[in-house]
Amino acid sequence: MGIILAILEGGDLGRQFVFERLPMLIGRTQACSAVLYHPSVSRKHCRFYAKNGQVFIEDLHSTNGTFVNGLPILLPAALYPGDVVAFGPIRLRFDTLPATLPRACLYTPSETLNPTPELTTLGRLPSPLAAPPHASCLQNLLRRLHRL
C-alpha cells in the first residue's frame with residue numbers, strides 16, 4: 001500500500017511525494033524516508049505504517065507534536081484520504097496511492113527531497129506536456145492537481 005503527501009503550507013508548496021511502500025519515517029535526518037529541514041520537525045518526527053489495509057500515523061515523541069486535521073495525536077491515528085497532517089507550519093494532505101496506478105504515471109523531476117528507493121516525487125508539473133503521454137494517467141494526475 002502506498003501513500004501520497006501533498007504540501008499545502010510551508011516548504012515547497014504544491015509538491016507531491018509518493019511513497020510506494022510503508023512503513024516510512026518523516027524527520028530531519030537522512031535516515032528518514034522523507035527529510036524536512038525545518039526547526040519544528042524532530043530528527044525522527046513521525047511514522048506512517050499500514051495495518052489490515054488501513055494507514056496509520058504515529059508521532060515518535062517529537063518535540064512539537066504531530067497533528068491530524070488540527071488535533072494533536074498522542075496515539076497512532078488512522079488516516080483517510082483528504083486528512084491534513086501537520087508539524088509546526090508544515091501541512092501535508094494525505095491520500096492513498098491507487099493500486100492500479102501504472103509506473104509510467106509517476107512524474108519524476110530531476111530534484112528529489114531525499115532520494116531513496118521508497119520515495120518518488122511527483123512535483124509540480126511545468127505544463128501538461130510534461131505529464132506522461134498515457135491518457136488515463138494524465139486524467140488521474142489532473143484530478144489530483146485540481147484537488148490541491
# chains A, B, ... in the order shown; residues from 1 in each chain; ligands from 1

$ residues_around --residues "stretch 63-74 of chain A" --least-positions-apart "6" --cutoff "8 Å" --atoms "only C-alpha atoms" --output "compact mmCIF listing (two decimals) with C-alpha atoms, in the first residue's frame"
# COMPACT_ATOMS: atom_id res chain seq x y z
CA SER A 40 9.72 22.40 14.13
CA VAL A 41 10.44 18.91 12.72
CA SER A 42 12.24 16.46 15.02
CA HIS A 45 9.25 13.01 13.84
CA CYS A 46 6.54 10.53 12.79
CA ASP A 83 -6.78 14.27 6.02
CA VAL A 84 -4.29 17.06 6.74
CA VAL A 85 -1.15 16.14 8.68
CA ALA A 86 0.87 18.98 10.24
CA PHE A 87 4.20 19.51 12.01
CA GLY A 88 4.58 23.15 13.00

$ atom_distance --atom1 "atom CA of A:Pro81" --atom2 "atom CA of A:Gly14"
16.7 Å

$ select_by_dssp --residues "stretch 25-67 of chain A" --states "strand (DSSP E or B)" --output "PyMOL selection string"
chain A and resi 25-27+34-35+46-51+54-59+67

$ closest_residue --among "A:Ile57, A:Ala77, A:Val18, A:Leu36" --to "A:Ala6" --atoms "only C-alpha atoms"
A:Val18

$ closest_residue --among "A:Leu97, A:Leu79, A:Ile26, A:Ala34" --to "A:Lys51" --atoms "only C-alpha atoms"
A:Leu79

$ residues_around --residues "A:Tyr49" --least-positions-apart "4" --cutoff "8 Å" --atoms "only C-alpha atoms" --output "ChimeraX atom specification"
/A:22-24,55-57

$ atom_distance --atom1 "atom CA of A:Pro76" --atom2 "atom CA of A:Ser62"
13.3 Å

$ closest_residue --among "A:Pro89, A:Gly53, A:Gly82, A:Gly27" --to "A:Met1" --atoms "only C-alpha atoms"
A:Gly53

$ residues_around --residues "A:Thr29" --least-positions-apart "4" --cutoff "8 Å" --atoms "only C-alpha atoms" --output "count of residues only"
3

$ decode --residues "stretch 79-103 of chain A" --atoms "N, CA, C and O atoms" --output "short mmCIF file (atom, residue, chain, number, x, y, z; two decimals), in the first residue's frame"
data_model
loop_
_atom_site.label_atom_id
_atom_site.label_comp_id
_atom_site.auth_asym_id
_atom_site.auth_seq_id
_atom_site.Cartn_x
_atom_site.Cartn_y
_atom_site.Cartn_z
N LEU A 79 -5.56 7.22 9.19
CA LEU A 79 -5.64 8.31 8.23
C LEU A 79 -6.59 7.93 7.10
O LEU A 79 -6.66 6.77 6.70
N TYR A 80 -7.29 8.94 6.59
CA TYR A 80 -8.23 8.75 5.50
C TYR A 80 -7.92 9.78 4.42
O TYR A 80 -7.41 10.87 4.72
N PRO A 81 -8.19 9.45 3.15
CA PRO A 81 -7.90 10.40 2.06
C PRO A 81 -8.48 11.79 2.35
O PRO A 81 -9.62 11.92 2.80
N GLY A 82 -7.64 12.79 2.17
CA GLY A 82 -8.03 14.17 2.42
C GLY A 82 -7.64 14.69 3.79
O GLY A 82 -7.71 15.90 4.03
N ASP A 83 -7.22 13.81 4.71
CA ASP A 83 -6.78 14.27 6.02
C ASP A 83 -5.56 15.17 5.86
O ASP A 83 -4.74 14.99 4.96
N VAL A 84 -5.43 16.14 6.77
CA VAL A 84 -4.29 17.06 6.74
C VAL A 84 -3.40 16.76 7.94
O VAL A 84 -3.85 16.79 9.09
N VAL A 85 -2.15 16.45 7.66
CA VAL A 85 -1.15 16.14 8.68
C VAL A 85 -0.25 17.36 8.80
O VAL A 85 0.15 17.94 7.80
N ALA A 86 0.06 17.77 10.05
CA ALA A 86 0.87 18.98 10.24
C ALA A 86 1.95 18.76 11.29
O ALA A 86 1.76 18.05 12.27
N PHE A 87 3.09 19.40 11.05
CA PHE A 87 4.20 19.51 12.01
C PHE A 87 4.61 20.97 11.96
O PHE A 87 5.17 21.40 10.96
N GLY A 88 4.30 21.72 13.01
CA GLY A 88 4.58 23.15 13.00
C GLY A 88 3.84 23.81 11.84
O GLY A 88 2.67 23.54 11.61
N PRO A 89 4.54 24.65 11.06
CA PRO A 89 3.87 25.34 9.95
C PRO A 89 3.74 24.49 8.68
O PRO A 89 3.15 24.92 7.70
N ILE A 90 4.27 23.28 8.69
CA ILE A 90 4.21 22.42 7.51
C ILE A 90 2.93 21.60 7.55
O ILE A 90 2.68 20.88 8.51
N ARG A 91 2.12 21.74 6.49
CA ARG A 91 0.87 20.99 6.39
C ARG A 91 0.89 20.16 5.11
O ARG A 91 1.22 20.67 4.04
N LEU A 92 0.53 18.87 5.25
CA LEU A 92 0.51 17.94 4.13
C LEU A 92 -0.86 17.30 4.01
O LEU A 92 -1.45 16.91 5.02
N ARG A 93 -1.36 17.19 2.78
CA ARG A 93 -2.62 16.47 2.57
C ARG A 93 -2.30 15.02 2.26
O ARG A 93 -1.48 14.71 1.41
N PHE A 94 -2.97 14.11 2.97
CA PHE A 94 -2.77 12.67 2.82
C PHE A 94 -3.74 12.09 1.79
O PHE A 94 -4.90 12.47 1.75
N ASP A 95 -3.24 11.17 0.98
CA ASP A 95 -4.09 10.41 0.07
C ASP A 95 -3.44 9.04 -0.12
O ASP A 95 -2.24 8.88 0.13
N THR A 96 -4.23 8.07 -0.51
CA THR A 96 -3.69 6.74 -0.77
C THR A 96 -3.32 6.63 -2.24
O THR A 96 -3.94 7.26 -3.10
N LEU A 97 -2.34 5.83 -2.52
CA LEU A 97 -1.89 5.60 -3.88
C LEU A 97 -2.75 4.49 -4.48
O LEU A 97 -2.81 3.40 -3.91
N PRO A 98 -3.43 4.76 -5.60
CA PRO A 98 -4.24 3.70 -6.20
C PRO A 98 -3.38 2.50 -6.57
O PRO A 98 -2.29 2.65 -7.12
N ALA A 99 -3.87 1.31 -6.25
CA ALA A 99 -3.12 0.09 -6.52
C ALA A 99 -2.94 -0.13 -8.01
O ALA A 99 -2.01 -0.80 -8.43
N THR A 100 -3.79 0.46 -8.83
CA THR A 100 -3.75 0.24 -10.27
C THR A 100 -2.97 1.31 -11.03
O THR A 100 -2.94 1.29 -12.24
N LEU A 101 -2.35 2.26 -10.33
CA LEU A 101 -1.61 3.33 -10.99
C LEU A 101 -0.37 2.76 -11.68
O LEU A 101 0.51 2.22 -11.03
N PRO A 102 -0.29 2.86 -13.02
CA PRO A 102 0.89 2.34 -13.72
C PRO A 102 2.14 3.14 -13.37
O PRO A 102 2.06 4.33 -13.11
N ARG A 103 3.29 2.48 -13.37
CA ARG A 103 4.54 3.16 -13.04
C ARG A 103 4.80 4.32 -14.00
O ARG A 103 5.43 5.29 -13.64
#
